[in-house]
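S.K.: What follows is the file run-v9.csv, containing CSV, C-alpha atoms:
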chain,number,residue,atom,x,y,z
I,1,GLN,CA,6.0,-29.7,17.6
I,2,VAL,CA,2.7,-28.0,16.6
I,3,GLN,CA,0.2,-30.2,14.8
I,4,LEU,CA,-3.0,-28.9,13.2
I,5,VAL,CA,-5.6,-31.4,11.9
I,6,GLU,CA,-8.6,-30.3,10.0
I,7,SER,CA,-11.8,-32.4,9.6
I,8,GLY,CA,-15.4,-32.1,8.5
I,9,GLY,CA,-15.0,-31.5,4.8
I,10,GLY,CA,-17.1,-33.3,2.2
I,11,LEU,CA,-19.4,-33.0,-0.8
I,12,VAL,CA,-22.6,-31.0,-0.3
I,13,GLN,CA,-25.3,-29.4,-2.4
I,14,ALA,CA,-25.5,-25.6,-2.8
I,15,GLY,CA,-27.4,-24.1,0.1
I,16,ASP,CA,-26.3,-26.8,2.5
I,17,SER,CA,-24.1,-26.4,5.6
I,18,LEU,CA,-20.9,-27.9,6.8
I,19,ARG,CA,-18.9,-27.5,10.0
I,20,LEU,CA,-15.1,-27.8,9.8
I,21,SER,CA,-13.0,-28.4,12.8
I,22,CYS,CA,-9.3,-27.9,13.5
I,23,ALA,CA,-7.7,-29.8,16.3
I,24,ALA,CA,-4.5,-28.4,17.6
I,25,SER,CA,-1.8,-30.1,19.5
I,26,ILE,CA,-0.3,-27.1,21.2
I,27,HIS,CA,0.4,-26.8,24.9
I,28,THR,CA,-0.2,-23.1,24.7
I,29,PHE,CA,-3.2,-23.1,22.4
I,30,THR,CA,-4.9,-20.3,24.3
I,31,ILE,CA,-2.3,-17.8,23.4
I,32,TYR,CA,-2.7,-18.2,19.7
I,33,ALA,CA,-5.2,-16.5,17.5
I,34,MET,CA,-6.3,-18.8,14.7
I,35,GLY,CA,-7.3,-18.5,11.1
I,36,TRP,CA,-9.0,-20.4,8.3
I,37,PHE,CA,-7.8,-20.0,4.7
I,38,ARG,CA,-8.9,-21.8,1.5
I,39,GLN,CA,-7.5,-22.6,-1.8
I,40,ALA,CA,-9.7,-23.4,-4.8
I,41,ARG,CA,-8.3,-25.4,-7.7
I,42,GLY,CA,-6.2,-23.1,-9.9
I,43,LYS,CA,-6.3,-20.2,-7.5
I,44,GLU,CA,-4.2,-18.8,-4.8
I,45,ARG,CA,-4.9,-19.5,-1.2
I,46,GLU,CA,-7.1,-16.8,0.4
I,47,PHE,CA,-8.2,-15.7,3.8
I,48,VAL,CA,-11.6,-16.9,5.1
I,49,SER,CA,-11.8,-16.0,8.8
I,50,ALA,CA,-9.8,-15.5,12.0
I,51,ILE,CA,-10.4,-15.5,15.7
I,52,SER,CA,-8.5,-14.0,18.6
I,53,TRP,CA,-7.1,-16.2,21.4
I,54,ASN,CA,-10.2,-15.6,23.6
I,55,GLY,CA,-12.8,-15.5,20.8
I,56,ASP,CA,-13.6,-11.8,21.4
I,57,THR,CA,-12.5,-10.7,18.0
I,58,THR,CA,-13.3,-12.2,14.7
I,59,TYR,CA,-12.7,-11.3,11.1
I,60,TYR,CA,-14.3,-12.6,7.9
I,61,ALA,CA,-13.6,-12.2,4.2
I,62,ASP,CA,-16.4,-10.3,2.5
I,63,SER,CA,-17.3,-13.3,0.4
I,64,VAL,CA,-18.3,-15.3,3.5
I,65,LYS,CA,-19.6,-12.7,5.9
I,66,GLY,CA,-23.0,-13.5,7.2
I,67,ARG,CA,-22.7,-17.1,6.1
I,68,PHE,CA,-19.7,-18.5,8.0
I,69,THR,CA,-19.0,-18.3,11.7
I,70,ILE,CA,-15.7,-19.0,13.4
I,71,SER,CA,-15.5,-20.2,17.0
I,72,ARG,CA,-13.1,-21.9,19.3
I,73,ASP,CA,-13.1,-24.1,22.4
I,74,ASN,CA,-9.9,-23.5,24.3
I,75,ALA,CA,-10.6,-26.4,26.7
I,76,LYS,CA,-10.6,-28.8,23.7
I,77,ASN,CA,-7.9,-27.0,21.6
I,78,THR,CA,-10.2,-26.7,18.7
I,79,VAL,CA,-11.3,-24.0,16.3
I,80,ASP,CA,-14.4,-24.5,14.1
I,81,LEU,CA,-15.8,-23.0,11.0
I,82,GLN,CA,-19.6,-23.2,10.6
I,83,MET,CA,-20.4,-22.8,6.9
I,84,ASN,CA,-24.0,-22.1,5.9
I,85,SER,CA,-25.7,-21.4,2.6
I,86,LEU,CA,-22.7,-22.9,0.8
I,87,LYS,CA,-22.1,-21.8,-2.8
I,88,PRO,CA,-20.2,-23.6,-5.6
I,89,GLU,CA,-17.6,-20.9,-5.3
I,90,ASP,CA,-16.9,-22.0,-1.7
I,91,ALA,CA,-15.4,-25.2,-3.0
I,92,ALA,CA,-11.8,-25.4,-2.0
I,93,VAL,CA,-9.3,-27.0,0.3
I,94,TYR,CA,-9.7,-25.4,3.7
I,95,TYR,CA,-6.7,-24.9,6.0
I,96,CYS,CA,-6.4,-23.8,9.6
I,97,ALA,CA,-3.4,-22.0,10.9
I,98,THR,CA,-1.9,-20.4,14.0
I,99,TYR,CA,-1.3,-16.7,14.0
I,100,GLY,CA,2.2,-15.7,14.9
I,101,GLY,CA,2.3,-15.4,18.7
I,102,THR,CA,4.6,-12.3,18.7
I,103,TYR,CA,2.3,-10.3,16.4
I,104,TYR,CA,-0.6,-8.1,17.5
I,105,PHE,CA,-3.8,-9.6,16.3
I,106,ASP,CA,-5.7,-7.0,14.3
I,107,TRP,CA,-6.8,-6.1,10.8
I,108,PRO,CA,-5.5,-6.2,8.1
I,109,ALA,CA,-2.7,-8.3,9.6
I,110,ALA,CA,-5.1,-11.1,10.5
I,111,GLY,CA,-5.9,-11.5,6.8
I,112,ARG,CA,-2.3,-12.0,5.7
I,113,GLN,CA,-0.9,-15.5,5.2
I,114,SER,CA,2.6,-14.3,6.1
I,115,MET,CA,1.4,-13.7,9.7
I,116,TYR,CA,0.6,-17.4,10.3
I,117,ASP,CA,3.3,-19.8,11.1
I,118,TYR,CA,1.8,-23.3,11.5
I,119,TRP,CA,-0.6,-24.9,9.0
I,120,GLY,CA,-2.7,-28.0,8.8
I,121,GLN,CA,-2.9,-30.3,5.8
I,122,GLY,CA,-6.3,-29.1,4.8
I,123,THR,CA,-9.8,-30.6,4.3
I,124,GLN,CA,-11.6,-30.7,1.0
I,125,VAL,CA,-15.0,-29.0,0.5
I,126,ALA,CA,-16.9,-29.6,-2.6
I,127,VAL,CA,-20.2,-27.9,-3.4
I,128,ALA,CA,-22.5,-29.2,-6.2
I,129,SER,CA,-24.7,-26.7,-7.9
Kindly present the structure from the file in structure tokens form.

M.R.:
Amino acid sequence: QVQLVESGGGLVQAGDSLRLSCAASIHTFTIYAMGWFRQARGKEREFVSAISWNGDTTYYADSVKGRFTISRDNAKNTVDLQMNSLKPEDAAVYYCATYGGTYYFDWPAAGRQSMYDYWGQGTQVAVAS
């Protein structure tokens, strides 16, 4: 059974930083590309960032490019999302997910929710203006 647990959310001021972490209980974590998505209140869930199994390839939504950085530690089975210069529009529940192991990891596939098979419960990020 795959379990993903996100942490690190909270309430911050605009311009502040937060670091989200996703801990995965997967024996074969290293074969999975991973992604972060978010869902703001009243909106559909959207892609934020994704990273290949070895960290060599990363993708970002245009709205977070240059402010967010995704990384992973395969020894710890974790994938992090460093979020800098947060804006009120970044407020959302953030989810991590595993990219389907049988699919080739590239763009635009990495941005599609349908390509991800296991999801965490999410962590709330609130940004005060």

S.K.: Excluding Ala33 (chain I) and residues on its chain fewer than 5 positions from it, collect all residues at most 9 Å away from it, counting only C-alpha atoms, and give them as JSON, numbers by chain.

M.R.: {"I": [50, 51, 52, 53, 54, 55, 97, 98, 99, 100, 101, 105, 110]}

S.K.: Taking only C-alpha atoms into account, produce a table as a tab-separated table in which each residue of region 44-72 of chain I with an atom at most 12 Å from an atom of region 7-27 of chain I appears once, together with its shortest atom pair and the distance in Å to one decimal, ordered by chain and rising number.

M.R.:
residue	atom	partner	partner_atom	distance
I:Arg67	CA	I:Ser17	CA	9.4
I:Phe68	CA	I:Arg19	CA	9.3
I:Thr69	CA	I:Arg19	CA	9.4
I:Ile70	CA	I:Leu20	CA	9.5
I:Ser71	CA	I:Ser21	CA	9.5
I:Arg72	CA	I:Cys22	CA	9.2

S.K.: Counting all atoms listed in the file, figure out which residue out of I:Gln39, I:Gln3, I:Thr58, I:Thr30 gets nearest to Thr123 (chain I).

M.R.: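 Counting all atoms listed in the file, the residue closest to Thr123 (chain I) is I:Gln39.
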
S.K.: Out of I:Leu86, I:Ile31, I:Val48, I:Met115, which residue has the shortest atom-to-atom distance to Asn74 (chain I) when counting all atoms listed in the file?

M.R.: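 When distances to Asn74 (chain I) are compared using all atoms listed in the file, the smallest one comes from I:Ile31.
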
S.K.: Nearest to Ala109 (chain I): which of I:Thr28, I:Ser49, I:Ser85, I:Gln121 is it, counting only C-alpha atoms?

M.R.: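 When distances to Ala109 (chain I) are compared using only C-alpha atoms, the smallest one comes from I:Ser49.
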
S.K.: Hey, can you check how far CA of Tyr103 (chain I) sits from CA of Asp56 (chain I)?

M.R.: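 Value for the CA of Tyr103 (chain I)-CA of Asp56 (chain I) distance: 16.7 Å.
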
S.K.: Let me make sure I understand: among I:Trp36, I:Arg45, I:Ala61, I:Thr102, which one has the smallest atom-to-atom distance to Leu81 (chain I) if we use all atoms listed in the file?

M.R.: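 Nearest to Leu81 (chain I): I:Trp36.
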
S.K.: Using the atoms already present, construct all heavy atoms for region 21-32 of chain I and hand them back as a tab-separated table (two decimals), keeping the file's coordinate frame.

M.R.:
chain	number	residue	atom	x	y	z
I	21	SER	N	-13.67	-28.49	11.52
I	21	SER	CA	-13.00	-28.40	12.80
I	21	SER	C	-11.53	-28.54	12.65
I	21	SER	O	-11.05	-29.27	11.77
I	21	SER	CB	-13.55	-29.50	13.75
I	21	SER	OG	-13.04	-29.33	15.05
I	22	CYS	N	-10.79	-27.85	13.48
I	22	CYS	CA	-9.30	-27.90	13.50
I	22	CYS	C	-8.90	-28.26	14.89
I	22	CYS	O	-9.17	-27.50	15.84
I	22	CYS	CB	-8.75	-26.59	13.04
I	22	CYS	SG	-6.95	-26.47	13.19
I	23	ALA	N	-8.23	-29.39	15.03
I	23	ALA	CA	-7.70	-29.80	16.30
I	23	ALA	C	-6.22	-29.50	16.40
I	23	ALA	O	-5.47	-29.87	15.50
I	23	ALA	CB	-7.94	-31.31	16.51
I	24	ALA	N	-5.84	-28.82	17.45
I	24	ALA	CA	-4.50	-28.40	17.60
I	24	ALA	C	-3.76	-29.08	18.73
I	24	ALA	O	-4.31	-29.17	19.84
I	24	ALA	CB	-4.42	-26.86	17.83
I	25	SER	N	-2.58	-29.57	18.45
I	25	SER	CA	-1.80	-30.10	19.50
I	25	SER	C	-0.71	-29.11	19.89
I	25	SER	O	0.40	-29.12	19.35
I	25	SER	CB	-1.10	-31.44	19.05
I	25	SER	OG	-0.26	-31.18	17.96
I	26	ILE	N	-1.12	-28.20	20.73
I	26	ILE	CA	-0.30	-27.10	21.20
I	26	ILE	C	-0.48	-26.96	22.68
I	26	ILE	O	-1.61	-26.80	23.11
I	26	ILE	CB	-0.61	-25.77	20.51
I	26	ILE	CG1	-0.76	-25.92	19.01
I	26	ILE	CG2	0.44	-24.72	20.84
I	26	ILE	CD1	-1.26	-24.68	18.32
I	27	HIS	N	0.59	-26.98	23.44
I	27	HIS	CA	0.40	-26.80	24.90
I	27	HIS	C	-0.11	-25.45	25.24
I	27	HIS	O	-0.83	-25.30	26.22
I	27	HIS	CB	1.78	-27.04	25.57
I	27	HIS	CG	2.18	-28.48	25.62
I	27	HIS	ND1	1.43	-29.43	26.26
I	27	HIS	CD2	3.23	-29.13	25.09
I	27	HIS	CE1	2.01	-30.61	26.12
I	27	HIS	NE2	3.10	-30.46	25.41
I	28	THR	N	0.22	-24.45	24.43
I	28	THR	CA	-0.20	-23.10	24.70
I	28	THR	C	-1.21	-22.59	23.73
I	28	THR	O	-1.16	-21.46	23.26
I	28	THR	CB	1.05	-22.16	24.71
I	28	THR	OG1	1.71	-22.33	23.44
I	28	THR	CG2	2.00	-22.48	25.84
I	29	PHE	N	-2.18	-23.43	23.41
I	29	PHE	CA	-3.20	-23.10	22.40
I	29	PHE	C	-3.88	-21.79	22.70
I	29	PHE	O	-4.21	-21.02	21.81
I	29	PHE	CB	-4.22	-24.22	22.32
I	29	PHE	CG	-5.32	-23.97	21.32
I	29	PHE	CD1	-5.07	-24.07	19.96
I	29	PHE	CD2	-6.60	-23.66	21.74
I	29	PHE	CE1	-6.08	-23.84	19.03
I	29	PHE	CE2	-7.63	-23.44	20.82
I	29	PHE	CZ	-7.37	-23.53	19.47
I	30	THR	N	-4.10	-21.50	23.97
I	30	THR	CA	-4.90	-20.30	24.30
I	30	THR	C	-4.21	-19.03	24.01
I	30	THR	O	-4.86	-17.99	23.97
I	30	THR	CB	-5.21	-20.34	25.85
I	30	THR	OG1	-3.99	-20.50	26.58
I	30	THR	CG2	-6.15	-21.48	26.20
I	31	ILE	N	-2.93	-19.02	23.73
I	31	ILE	CA	-2.30	-17.80	23.40
I	31	ILE	C	-2.30	-17.45	21.92
I	31	ILE	O	-1.92	-16.37	21.50
I	31	ILE	CB	-0.81	-17.71	23.90
I	31	ILE	CG1	0.09	-18.61	23.05
I	31	ILE	CG2	-0.74	-18.04	25.38
I	31	ILE	CD1	1.55	-18.39	23.33
I	32	TYR	N	-2.77	-18.42	21.13
I	32	TYR	CA	-2.70	-18.20	19.70
I	32	TYR	C	-4.08	-17.78	19.14
I	32	TYR	O	-5.11	-18.40	19.40
I	32	TYR	CB	-2.40	-19.56	18.99
I	32	TYR	CG	-0.95	-19.96	19.07
I	32	TYR	CD1	-0.50	-20.82	20.06
I	32	TYR	CD2	-0.03	-19.49	18.14
I	32	TYR	CE1	0.82	-21.20	20.13
I	32	TYR	CE2	1.29	-19.87	18.19
I	32	TYR	CZ	1.71	-20.72	19.18
I	32	TYR	OH	3.02	-21.09	19.25
